[in-house]
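Below is the file model16.cif, which contains mmCIF, C-alpha atoms.
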data_entry
#
loop_
_atom_site.label_atom_id
_atom_site.label_comp_id
_atom_site.auth_asym_id
_atom_site.auth_seq_id
_atom_site.Cartn_x
_atom_site.Cartn_y
_atom_site.Cartn_z
CA MET A 495 0.00 0.00 0.00
CA SER A 496 2.79 2.41 0.85
CA ASP A 497 6.51 2.77 0.67
CA ILE A 498 6.53 4.37 4.10
CA THR A 499 7.66 1.73 6.55
CA ARG A 500 9.89 1.80 9.59
CA GLU A 501 12.78 0.65 7.39
CA THR A 502 12.29 3.27 4.67
CA VAL A 503 11.92 6.04 7.25
CA LEU A 504 15.12 5.08 9.05
CA ALA A 505 16.94 4.65 5.73
CA ALA A 506 15.82 8.14 4.69
CA LEU A 507 17.07 9.57 7.97
CA ALA A 508 20.42 7.87 7.48
CA GLU A 509 20.72 9.17 3.94
CA LYS A 510 19.75 12.78 4.56
CA LYS A 511 20.07 14.14 8.07
CA PHE A 512 17.02 15.60 9.74
CA HIS A 513 19.09 18.51 11.01
CA PRO A 514 22.86 18.95 10.81
CA SER A 515 23.27 18.64 14.54
CA VAL A 516 20.54 16.16 15.55
CA PRO A 517 22.28 12.84 14.83
CA GLU A 518 25.59 13.95 16.35
CA ILE A 519 23.98 15.38 19.44
CA VAL A 520 21.70 12.43 20.02
CA SER A 521 24.23 9.72 19.39
CA ALA A 522 26.86 11.42 21.53
CA ILE A 523 24.48 11.97 24.42
CA VAL A 524 23.06 8.46 24.17
CA LYS A 525 26.59 7.06 24.17
CA ILE A 526 27.68 9.11 27.15
CA THR A 527 24.54 8.49 29.22
CA ARG A 528 24.66 4.73 28.54
CA SER A 529 28.28 4.26 29.44
CA PRO A 530 28.74 2.69 32.89
CA ASN A 531 31.80 4.87 33.38
CA ALA A 532 30.18 8.08 32.14
CA SER A 533 30.50 11.19 34.20
CA ILE A 534 28.56 14.43 34.20
CA LYS A 535 31.82 16.13 33.22
CA GLU A 536 31.87 14.31 29.88
CA LEU A 537 28.34 15.39 29.08
CA VAL A 538 29.06 18.98 30.15
CA THR A 539 32.16 19.07 27.97
CA PHE A 540 30.22 17.77 24.99
CA ILE A 541 27.36 20.27 25.31
CA GLU A 542 29.67 23.21 26.01
CA GLN A 543 31.47 22.60 22.72
CA ASP A 544 28.34 23.90 21.01
CA SER A 545 27.75 27.48 22.11
CA GLU A 546 24.35 27.69 20.40
CA LEU A 547 23.18 24.53 22.17
CA THR A 548 24.54 25.78 25.51
CA ARG A 549 22.72 29.09 25.08
CA ARG A 550 19.45 27.32 24.25
CA MET A 551 19.76 24.93 27.16
CA LEU A 552 20.35 27.70 29.72
CA THR A 553 17.56 29.82 28.24
CA ILE A 554 15.16 26.91 28.50
CA ALA A 555 16.33 25.91 31.98
CA ASN A 556 15.64 29.48 33.19
CA SER A 557 12.39 29.94 31.27
CA GLY A 558 10.11 28.41 33.87
CA PHE A 559 9.06 25.82 31.31
CA TYR A 560 10.61 23.02 33.34
CA GLY A 561 9.63 24.33 36.76
CA ILE A 562 13.17 25.08 37.96
CA LYS A 563 13.06 27.78 40.62
CA HIS A 564 16.78 28.65 40.89
CA GLU A 565 18.70 30.53 38.26
CA VAL A 566 20.84 28.14 36.25
CA THR A 567 24.04 29.66 34.87
CA THR A 568 26.07 26.61 33.83
CA VAL A 569 25.47 23.44 31.85
CA ASN A 570 26.69 21.50 34.86
CA GLY A 571 24.03 23.19 37.01
CA ALA A 572 21.36 22.38 34.42
CA ILE A 573 22.27 18.68 34.41
CA VAL A 574 22.36 18.46 38.20
CA LEU A 575 18.98 20.19 38.54
CA MET A 576 17.16 18.64 35.61
CA GLY A 577 18.76 15.21 35.27
CA TRP A 578 20.31 13.58 32.24
CA ASN A 579 17.08 12.49 30.61
CA THR A 580 15.63 15.98 30.73
CA VAL A 581 18.83 17.45 29.32
CA LYS A 582 18.68 14.94 26.49
CA MET A 583 15.05 15.76 25.79
CA ILE A 584 15.66 19.52 25.88
CA THR A 585 18.62 19.17 23.58
CA LEU A 586 16.70 17.12 21.08
CA GLY A 587 13.37 18.91 21.50
CA SER A 588 14.83 22.38 21.04
CA THR A 589 16.86 21.32 18.01
CA ILE A 590 13.83 19.76 16.35
CA LEU A 591 11.64 22.73 17.19
CA LYS A 592 14.16 25.12 15.69
CA ARG A 593 14.06 23.09 12.49
CA MET A 594 10.27 23.02 12.59
CA SER A 595 9.99 26.79 13.05
CA GLU A 596 12.16 27.30 9.98
CA ARG A 597 10.30 24.80 7.83
CA ASP A 598 6.65 24.68 8.87
CA HIS A 599 5.45 27.56 11.00
CA HIS A 600 1.92 26.16 11.04
CA LEU A 601 3.06 22.91 12.62
CA PHE A 602 5.42 24.77 14.95
CA VAL A 603 2.60 26.88 16.43
CA HIS A 604 0.41 23.80 16.95
CA SER A 605 3.28 21.92 18.61
CA ILE A 606 4.02 24.76 21.05
CA ARG A 607 0.34 24.99 21.90
CA THR A 608 0.05 21.22 22.43
CA ALA A 609 3.16 21.24 24.64
CA ASN A 610 1.76 23.95 26.88
CA ILE A 611 -1.62 22.27 27.15
CA ALA A 612 -0.01 18.87 27.85
CA ARG A 613 1.94 20.35 30.73
CA PHE A 614 -1.20 21.99 32.10
CA LEU A 615 -3.26 18.78 31.84
CA ALA A 616 -0.51 16.73 33.48
CA ASP A 617 -0.43 19.20 36.38
CA GLU A 618 -4.23 19.09 36.68
CA ALA A 619 -4.11 15.28 36.70
CA ASN A 620 -1.48 15.40 39.48
CA MET A 621 1.09 13.64 37.36
CA TYR A 622 4.77 13.42 38.13
CA LYS A 623 7.47 14.78 35.77
CA THR A 624 5.14 17.12 33.93
CA GLU A 625 8.05 18.71 32.05
CA GLU A 626 8.39 15.44 30.16
CA MET A 627 4.87 15.94 28.88
CA SER A 628 5.89 19.33 27.45
CA VAL A 629 8.64 17.72 25.43
CA THR A 630 6.31 14.96 24.25
CA GLY A 631 3.82 17.61 23.19
CA LEU A 632 6.54 19.37 21.21
CA LEU A 633 7.47 16.16 19.44
CA HIS A 634 4.01 14.65 18.95
CA ASP A 635 3.70 15.62 15.25
CA LEU A 636 7.32 14.91 14.35
CA GLY A 637 6.01 12.34 11.86
CA ILE A 638 4.42 15.14 9.79
CA MET A 639 7.82 16.81 9.46
CA ILE A 640 9.37 13.51 8.49
CA MET A 641 6.76 13.10 5.76
CA GLU A 642 7.26 16.67 4.55
CA MET A 643 11.01 16.26 4.39
CA TYR A 644 11.49 12.72 3.12
CA PHE A 645 8.20 11.62 1.54
CA ASN A 646 6.94 14.89 0.09
CA ASP A 647 4.78 13.33 -2.64
CA ALA A 648 2.94 11.24 -0.08
CA TYR A 649 2.65 14.26 2.20
CA ILE A 650 1.06 16.41 -0.54
CA ARG A 651 -1.21 13.56 -1.67
CA THR A 652 -2.54 12.83 1.82
CA LYS A 653 -3.01 16.51 2.63
CA GLN A 654 -4.96 17.01 -0.61
CA PHE A 655 -7.10 13.98 0.29
CA ALA A 656 -7.76 15.46 3.75
CA VAL A 657 -8.73 18.84 2.23
CA ASP A 658 -10.96 17.27 -0.46
CA HIS A 659 -12.73 14.82 1.87
CA GLY A 660 -12.90 17.00 4.99
CA VAL A 661 -11.12 14.49 7.21
CA PRO A 662 -8.26 14.85 9.73
CA THR A 663 -4.83 14.21 8.19
CA GLN A 664 -4.18 10.98 10.08
CA ILE A 665 -7.29 9.45 8.53
CA ALA A 666 -6.16 10.47 5.04
CA GLU A 667 -2.71 9.02 5.76
CA TYR A 668 -4.11 5.77 7.00
CA GLN A 669 -6.44 5.50 4.05
CA LEU A 670 -3.77 6.18 1.42
CA LEU A 671 -0.59 4.92 3.05
CA GLY A 672 -1.71 2.39 5.64
CA VAL A 673 0.27 4.27 8.30
CA ASP A 674 -0.18 7.65 9.97
CA HIS A 675 2.22 10.40 11.04
CA ALA A 676 1.88 9.33 14.69
CA ALA A 677 3.37 5.90 13.98
CA ILE A 678 6.10 7.45 11.81
CA GLY A 679 7.04 9.87 14.60
CA GLY A 680 7.11 6.98 17.06
CA TRP A 681 9.57 5.04 14.87
CA VAL A 682 11.95 7.99 14.74
CA ILE A 683 11.76 8.76 18.44
CA ASP A 684 12.36 5.10 19.20
CA PHE A 685 15.37 5.17 16.87
CA TRP A 686 16.71 8.20 18.75
CA GLU A 687 16.38 6.17 21.97
CA LEU A 688 14.15 8.53 23.89
CA PRO A 689 12.21 6.98 26.80
CA ASP A 690 9.51 4.40 25.97
CA ASN A 691 6.69 6.54 27.32
CA ILE A 692 7.52 9.28 24.79
CA VAL A 693 7.63 6.74 21.97
CA GLU A 694 4.22 5.35 22.95
CA SER A 695 2.62 8.75 23.55
CA VAL A 696 3.70 10.01 20.14
CA ALA A 697 2.95 6.78 18.28
CA ARG A 698 -0.53 6.38 19.77
CA HIS A 699 -1.75 9.95 20.10
CA HIS A 700 -4.36 9.25 17.41
CA SER A 701 -5.14 5.69 18.53
CA PHE A 702 -5.49 5.91 22.29
CA ASP A 703 -5.81 2.59 24.11
CA PRO A 704 -6.38 2.62 27.89
CA ASP A 705 -4.74 -0.79 28.24
CA THR A 706 -1.26 0.14 27.04
CA PHE A 707 1.67 0.49 29.45
CA HIS A 708 1.92 4.29 29.26
CA ALA A 709 -1.80 4.98 28.86
CA ARG A 710 -1.87 8.01 31.22
CA LYS A 711 0.89 9.85 29.40
CA THR A 712 -0.55 8.92 26.03
CA ALA A 713 -3.93 10.20 27.24
CA VAL A 714 -2.37 13.59 28.03
CA ILE A 715 -1.00 13.94 24.50
CA HIS A 716 -4.20 12.69 22.87
CA VAL A 717 -6.33 15.19 24.80
CA ALA A 718 -3.81 18.06 24.50
CA ASP A 719 -3.60 17.65 20.73
CA ILE A 720 -7.38 17.82 20.32
CA LEU A 721 -7.83 20.73 22.72
CA ALA A 722 -5.02 22.61 20.93
CA LEU A 723 -6.95 22.24 17.66
CA ALA A 724 -10.26 23.07 19.33
CA VAL A 725 -9.15 26.39 20.84
CA ASP A 726 -7.44 27.45 17.60
CA TYR A 727 -10.62 29.11 16.31
CA SER A 728 -8.76 31.08 13.65
CA GLY A 729 -6.87 28.08 12.28
CA PRO A 730 -7.26 26.99 8.67
CA SER A 731 -10.71 25.67 7.77
CA TRP A 732 -9.32 22.54 6.06
CA GLU A 733 -7.71 21.37 9.31
CA LYS A 734 -10.24 19.15 11.08
CA VAL A 735 -10.59 18.53 14.80
CA SER A 736 -10.47 14.78 15.53
CA LYS A 737 -12.68 12.79 17.85
CA LEU A 738 -11.82 13.08 21.54
CA ASP A 739 -11.66 9.61 23.11
CA GLU A 740 -13.60 9.78 26.38
CA ARG A 741 -11.53 6.91 27.77
CA ALA A 742 -8.53 9.25 27.76
CA LEU A 743 -10.42 11.66 30.02
CA ASP A 744 -11.35 8.74 32.31
CA VAL A 745 -7.73 7.61 32.56
CA LEU A 746 -6.71 11.12 33.60
CA GLY A 747 -9.51 11.34 36.16
CA PHE A 748 -11.41 14.08 34.32
CA SER A 749 -15.17 13.98 33.83
CA ARG A 750 -17.19 15.53 31.02
CA ALA A 751 -18.15 18.24 33.49
CA ASP A 752 -14.47 19.13 34.01
CA ILE A 753 -13.94 19.88 30.33
CA LYS A 754 -15.46 23.34 30.39
CA GLY A 755 -13.21 24.51 33.25
CA LEU A 756 -10.12 23.07 31.57
CA MET A 757 -11.01 24.74 28.27
CA LEU A 758 -11.59 28.12 29.93
CA ASP A 759 -8.16 27.93 31.59
CA ILE A 760 -6.53 26.88 28.32
CA MET A 761 -8.13 29.74 26.42
CA LYS A 762 -6.58 32.18 28.88
CA MET A 763 -3.09 30.75 28.34
CA ARG A 764 -0.34 32.64 26.60
CA PHE A 765 1.48 30.00 24.61
CA ASN A 766 5.13 30.11 25.47
CA PRO A 767 7.50 29.85 22.52
CA ILE A 768 10.61 29.98 24.74
CA ILE A 769 11.55 26.41 23.97
CA ILE A 770 13.66 27.30 20.95
CA MET B 1185 -5.81 33.83 4.91
CA ALA B 1186 -2.53 35.49 4.01
CA LEU B 1187 -1.14 37.03 0.86
CA VAL B 1188 2.34 35.64 0.30
CA ARG B 1189 4.91 36.28 -2.37
CA LEU B 1190 5.72 33.36 -4.66
CA GLU B 1191 9.22 33.07 -3.16
CA ALA B 1192 7.63 32.40 0.23
CA LEU B 1193 5.21 29.74 -1.04
CA LYS B 1194 6.09 26.24 0.21
CA PRO B 1195 4.97 22.74 -0.77
CA GLY B 1196 2.02 21.91 1.48
CA ASP B 1197 0.55 25.43 1.51
CA VAL B 1198 -3.18 25.41 0.75
CA LEU B 1199 -4.77 27.94 -1.64
CA ALA B 1200 -7.40 30.02 0.13
CA ILE B 1201 -9.12 31.30 -3.02
CA PRO B 1202 -9.07 30.11 -6.65
CA LEU B 1203 -5.95 31.22 -8.47
CA GLU B 1204 -6.73 32.93 -11.74
CA VAL B 1205 -4.33 33.87 -14.49
CA ASN B 1206 -5.73 35.98 -17.35
CA GLU B 1207 -9.26 35.30 -16.02
CA VAL B 1208 -8.76 31.53 -16.25
CA VAL B 1209 -8.93 29.51 -13.02
CA LEU B 1210 -5.63 27.71 -12.86
CA PHE B 1211 -6.00 26.10 -9.41
CA GLU B 1212 -9.11 25.83 -7.26
CA ALA B 1213 -9.30 26.93 -3.62
CA GLY B 1214 -8.12 24.05 -1.45
CA THR B 1215 -5.35 22.97 -3.82
CA VAL B 1216 -2.34 21.80 -1.85
CA MET B 1217 0.72 23.34 -3.45
CA ALA B 1218 3.42 20.93 -4.60
CA GLU B 1219 6.76 21.77 -6.24
CA LYS B 1220 5.16 21.31 -9.68
CA HIS B 1221 2.50 23.95 -8.92
CA ILE B 1222 5.09 26.39 -7.65
CA ASP B 1223 7.18 25.86 -10.80
CA ILE B 1224 4.16 26.60 -13.01
CA LEU B 1225 3.36 29.78 -11.08
CA GLY B 1226 6.98 30.87 -11.44
CA LYS B 1227 6.87 30.35 -15.21
CA LEU B 1228 3.64 32.34 -15.40
CA GLU B 1229 5.29 35.11 -13.34
CA VAL B 1230 2.60 35.06 -10.67
CA GLU B 1231 3.84 37.31 -7.86
CA THR B 1232 1.46 36.79 -4.94
CA ILE B 1233 -0.87 34.02 -3.74
CA GLU B 1234 -3.56 33.84 -1.05
CA ILE B 1235 -3.00 30.86 1.23
CA GLU B 1236 -4.64 29.50 4.38
CA THR B 1237 -2.48 30.05 7.45
CA ARG B 1238 -2.62 29.69 11.20
CA GLN B 1239 -1.80 33.37 11.66
CA GLU B 1240 -4.33 35.22 13.76
CA LYS B 1241 -7.23 36.01 11.51
CA HIS B 1242 -9.20 39.17 11.96
CA PHE B 1243 -12.77 38.15 11.38
CA ASN B 1244 -15.16 40.84 10.22
CA SER B 1245 -17.96 39.43 12.34
CA ARG B 1246 -18.70 36.87 14.99
CA ASP B 1247 -20.61 34.85 12.40
CA GLU B 1248 -17.50 34.62 10.25
CA ALA B 1249 -15.44 33.33 13.20
CA PHE B 1250 -18.18 30.85 14.07
CA ARG B 1251 -18.32 29.60 10.46
CA ASN B 1252 -14.60 28.93 10.61
CA LEU B 1253 -15.10 26.96 13.82
CA ASP B 1254 -17.98 25.04 12.26
CA ASN B 1255 -15.69 24.07 9.38
CA ARG B 1256 -12.94 22.95 11.70
CA PHE B 1257 -15.35 20.78 13.71
CA SER B 1258 -17.24 19.39 10.70
CA PHE B 1259 -15.69 15.92 11.03
CA VAL B 1260 -16.99 15.45 14.58
CA GLU B 1261 -20.53 16.83 14.15
CA ASP B 1262 -21.97 13.49 15.30
CA ASP B 1263 -19.80 13.16 18.39
CA PRO B 1264 -21.47 14.92 21.33
CA LEU B 1265 -18.34 15.05 23.49
CA THR B 1266 -16.03 16.57 20.88
CA ILE B 1267 -18.65 18.92 19.49
CA SER B 1268 -19.23 20.25 23.01
CA LEU B 1269 -15.71 21.73 22.76
CA LYS B 1270 -16.88 23.87 19.85
CA TYR B 1271 -19.75 25.30 21.88
CA ILE B 1272 -17.41 26.14 24.75
CA VAL B 1273 -15.11 28.03 22.38
CA LYS B 1274 -18.10 29.84 20.86
CA ASP B 1275 -19.32 30.84 24.34
CA VAL B 1276 -15.91 32.22 25.22
CA LEU B 1277 -15.69 34.17 21.95
CA ALA B 1278 -19.18 35.56 22.45
CA SER B 1279 -18.39 36.64 26.01
CA MET B 1280 -15.13 38.23 24.84
CA GLU B 1281 -17.08 40.20 22.25
CA ARG B 1282 -19.58 41.32 24.89
CA GLY B 1283 -16.66 42.38 27.08
CA ILE B 1284 -15.21 44.50 24.30
CA GLN B 1285 -18.52 46.26 23.52
#
The structure in this file should be written as C-alpha cells.
Amino acid sequence: MSDITRETVLAALAEKKFHPSVPEIVSAIVKITRSPNASIKELVTFIEQDSELTRRMLTIANSGFYGIKHEVTTVNGAIVLMGWNTVKMITLGSTILKRMSERDHHLFVHSIRTANIARFLADEANMYKTEEMSVTGLLHDLGIMIMEMYFNDAYIRTKQFAVDHGVPTQIAEYQLLGVDHAAIGGWVIDFWELPDNIVESVARHHSFDPDTFHARKTAVIHVADILALAVDYSGPSWEKVSKLDERALDVLGFSRADIKGLMLDIMKMRFNPIII
Amino acid sequence: MALVRLEALKPGDVLAIPLEVNEVVLFEAGTVMAEKHIDILGKLEVETIEIETRQEKHFNSRDEAFRNLDNRFSFVEDDPLTISLKYIVKDVLASMERGIQ
C-alpha cells in the first residue's frame, strides 16, 4: 500500500540528516549516558562545545518551562537540577523545534500549543514529571515533518485527500498509506532512543488505548492535541478537529463536566515559545 | 488567509481562493501546493498568492469566526463530546465580544 515503513523512514534519515546537529547530538548523548563509566563532566564538555546549544539549554532551563526555581548559569548546574534524561530531551526537543519553526510555521505553532496544554493537563491530573509531557507535546507531530522532508509526494497527496474529503490528516494518511504520522514519529523517536513513554505517547496519540503500558501519558498527549486544535478558532478551515476519546479523560480522572473549566483555563493561556 | 509572495510559497501550503491567471482559473481553492504547482506559477510570473495560514485572523464578524469553527469541527458533528468543545469556544468568543462592547 505504501513505501513508508519503519525501514524506509530510518533509511531516509540515514541518507539525509534531519538537522545537521541532531544525529551527532543524540548519538553522543546516548553514548555518554549509557556508558557505565560516564561522568557528568563528559556530558558537560560535549554540550559546552556547542555554544548555540549551551545558550538554548540555559535559556530553557531558566524559562520556567521546566519548573526550575533557581537561576541556572552553567550546563553542569542544568544537568544536576534537571537530570540527564531531561537534558537529552531539551537538547533534542529544542533542536527539532528550531528546524520546525524554519520549515513549517503552522506545525510549529500547533506543537508549542500542544506542549503547553499537555503540561497543564498533566499538572491538573497530578502527574509526576510534567516537564516530560511538554517535550512529548513538542514532538508529537514529528512524523508530519518527516513526511514533509522525506516523503513529500505522499505528504502532498494525503493533505490534498484530507482537504478534499474533509477528514483529519491521520485518517487520510491511514487510508492512502496504511500508516499515519503518529506511527512514523514513534519510529523515529524510538530510533533516537528517547524513553519508551515518549515513543508510545507520540505513536498512539491518534489511537489511544487505555490498556497500554503508558496509557496516562498517552492520554495527556491525545487530549492536548485535540484541545489545541479546538481552541485554535482562527486556524485553517481545512484542518479538522479529531474525535476526543472519552476513555482518555477517564484515565486522567477528568469527567465531562471538568472539560469546560479546563477549556476556559486553556483559552486564557499565553502559549510560550521559549523552547527554541 | 494570508497574501504571500511566490518566493515564500512552500509545498504543502493550501490555496485560500481560486488562483486565476488571465481570467482563467488555474488552481481551485483548497489545492495543496506541490513543487510542480510552484514551478508553473513561477513560469507564469505570478507574484502573490492567497493561502490559508494559522496566523491570527481578523474576522469581520462573529458569524465569520463561528463559520470557521464550524468548518474545523465538521468531522466530529456526530460526536457529542467533541462537538461540546466547539460550543465552549463559541461561548468564550461571544463573552469576549460582549466584554469589548
Close residues, A:Val696 itself excluded, 9 Å, all atoms listed in the file, min 3 positions apart in chain, as a ChimeraX atom specification: /A:630-631,633-637,676-677,679-680,683,691-693,699-700,712,715-716
One-decimal distance in Å that lies between atom CA of A:Ala666 and atom CA of B:Asn1255: 17.2 Å
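Across A:Val745, A:Val569, A:Val603, A:Ala612, the tightest approach to chain B is made by A:Val603 when counting only C-alpha atoms.
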Within 6 Å of chain B: residues of chain A, using all atoms listed in the file, as a PyMOL selection string: chain A and resi 600+650+654+727-731+733-735+737-738
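The coordinates place atom CA of A:Ala724 at 16.3 Å from atom CA of A:Ala742.
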Test item: residues at most 10 Å from stretch 1202-1209 of chain B, all atoms listed in the file, excluding those fewer than 5 positions along its chain, as an MDAnalysis selection string: chainID B and resid 1214:1215 1225 1228:1230 1232:1235
Atom-to-atom span, atom CA of A:Leu632 and atom CA of A:Leu591, Å: 7.3 Å
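With all atoms listed in the file as the atoms that count, the residue of A:Ala555, A:Met621, A:Arg698, A:Gly747 with the shortest distance to A:Gly577 is A:Ala555.
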Selection under test: the PyMOL selection byres ((chain A and resi 573) around 12); residues as number ranges by chain: A: 527, 533-539, 541, 548, 551-552, 555, 562, 566-572, 574-585
Which of A:Ile590, A:Val714, A:Ala508, A:Val725 sits closest to A:Arg613 [using only C-alpha atoms]: A:Val714
Picked residues, the PyMOL selection byres ((chain A and resi 644) around 12), as a ChimeraX atom specification: /A:497-498,502-512,637-643,645-650,678
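Using all atoms listed in the file, the smallest distance between any of A:Leu758, A:Ala722, A:Leu670, A:Met763 and A:Leu601 comes from A:Ala722.
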When you get a chance, write out all heavy atoms for stretch 1218-1227 of chain B, as a compact mmCIF listing (two decimals), in the frame of the given file.
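Writing the result to out13.txt gives the following:
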# COMPACT_ATOMS: atom_id res chain seq x y z
N ALA B 1218 2.25 21.81 -4.52
CA ALA B 1218 3.42 20.93 -4.60
C ALA B 1218 4.48 21.68 -5.42
O ALA B 1218 4.19 22.74 -5.98
CB ALA B 1218 3.04 19.63 -5.29
N GLU B 1219 5.67 21.11 -5.48
CA GLU B 1219 6.76 21.77 -6.24
C GLU B 1219 6.30 22.08 -7.67
O GLU B 1219 6.60 23.13 -8.21
CB GLU B 1219 8.00 20.87 -6.29
CG GLU B 1219 8.74 20.72 -4.97
CD GLU B 1219 9.50 21.97 -4.56
OE1 GLU B 1219 9.48 22.97 -5.31
OE2 GLU B 1219 10.10 21.93 -3.47
N LYS B 1220 5.56 21.12 -8.27
CA LYS B 1220 5.16 21.31 -9.68
C LYS B 1220 4.26 22.54 -9.83
O LYS B 1220 4.38 23.29 -10.81
CB LYS B 1220 4.48 20.06 -10.23
CG LYS B 1220 3.21 19.68 -9.53
CD LYS B 1220 2.59 18.40 -10.07
CE LYS B 1220 1.33 18.09 -9.29
NZ LYS B 1220 0.73 16.82 -9.59
N HIS B 1221 3.37 22.78 -8.85
CA HIS B 1221 2.50 23.95 -8.92
C HIS B 1221 3.34 25.22 -8.81
O HIS B 1221 3.11 26.20 -9.53
CB HIS B 1221 1.47 23.95 -7.78
CG HIS B 1221 0.55 22.77 -7.79
ND1 HIS B 1221 0.55 21.83 -6.80
CD2 HIS B 1221 -0.39 22.38 -8.68
CE1 HIS B 1221 -0.37 20.92 -7.06
NE2 HIS B 1221 -0.95 21.22 -8.20
N ILE B 1222 4.28 25.19 -7.90
CA ILE B 1222 5.09 26.39 -7.65
C ILE B 1222 5.93 26.71 -8.89
O ILE B 1222 6.08 27.87 -9.28
CB ILE B 1222 5.97 26.19 -6.38
CG1 ILE B 1222 5.05 25.98 -5.16
CG2 ILE B 1222 6.91 27.37 -6.16
CD1 ILE B 1222 5.74 25.58 -3.88
N ASP B 1223 6.42 25.65 -9.55
CA ASP B 1223 7.18 25.86 -10.80
C ASP B 1223 6.30 26.53 -11.86
O ASP B 1223 6.73 27.46 -12.54
CB ASP B 1223 7.67 24.51 -11.35
CG ASP B 1223 8.82 23.96 -10.52
OD1 ASP B 1223 9.37 24.73 -9.71
OD2 ASP B 1223 9.15 22.77 -10.69
N ILE B 1224 5.08 26.04 -12.00
CA ILE B 1224 4.16 26.60 -13.01
C ILE B 1224 3.90 28.09 -12.71
O ILE B 1224 3.96 28.94 -13.60
CB ILE B 1224 2.83 25.81 -13.05
CG1 ILE B 1224 3.08 24.41 -13.58
CG2 ILE B 1224 1.78 26.54 -13.88
CD1 ILE B 1224 1.89 23.45 -13.41
N LEU B 1225 3.64 28.38 -11.44
CA LEU B 1225 3.36 29.78 -11.08
C LEU B 1225 4.56 30.66 -11.37
O LEU B 1225 4.41 31.81 -11.80
CB LEU B 1225 2.97 29.86 -9.59
CG LEU B 1225 1.69 29.13 -9.20
CD1 LEU B 1225 1.43 29.26 -7.71
CD2 LEU B 1225 0.50 29.67 -9.98
N GLY B 1226 5.76 30.11 -11.14
CA GLY B 1226 6.98 30.87 -11.44
C GLY B 1226 7.08 31.17 -12.92
O GLY B 1226 7.38 32.30 -13.33
N LYS B 1227 6.78 30.16 -13.75
CA LYS B 1227 6.87 30.35 -15.21
C LYS B 1227 5.83 31.37 -15.69
O LYS B 1227 6.05 32.09 -16.66
CB LYS B 1227 6.68 29.01 -15.92
CG LYS B 1227 7.93 28.15 -15.81
CD LYS B 1227 7.74 26.79 -16.44
CE LYS B 1227 8.99 25.95 -16.18
NZ LYS B 1227 8.69 24.55 -16.05
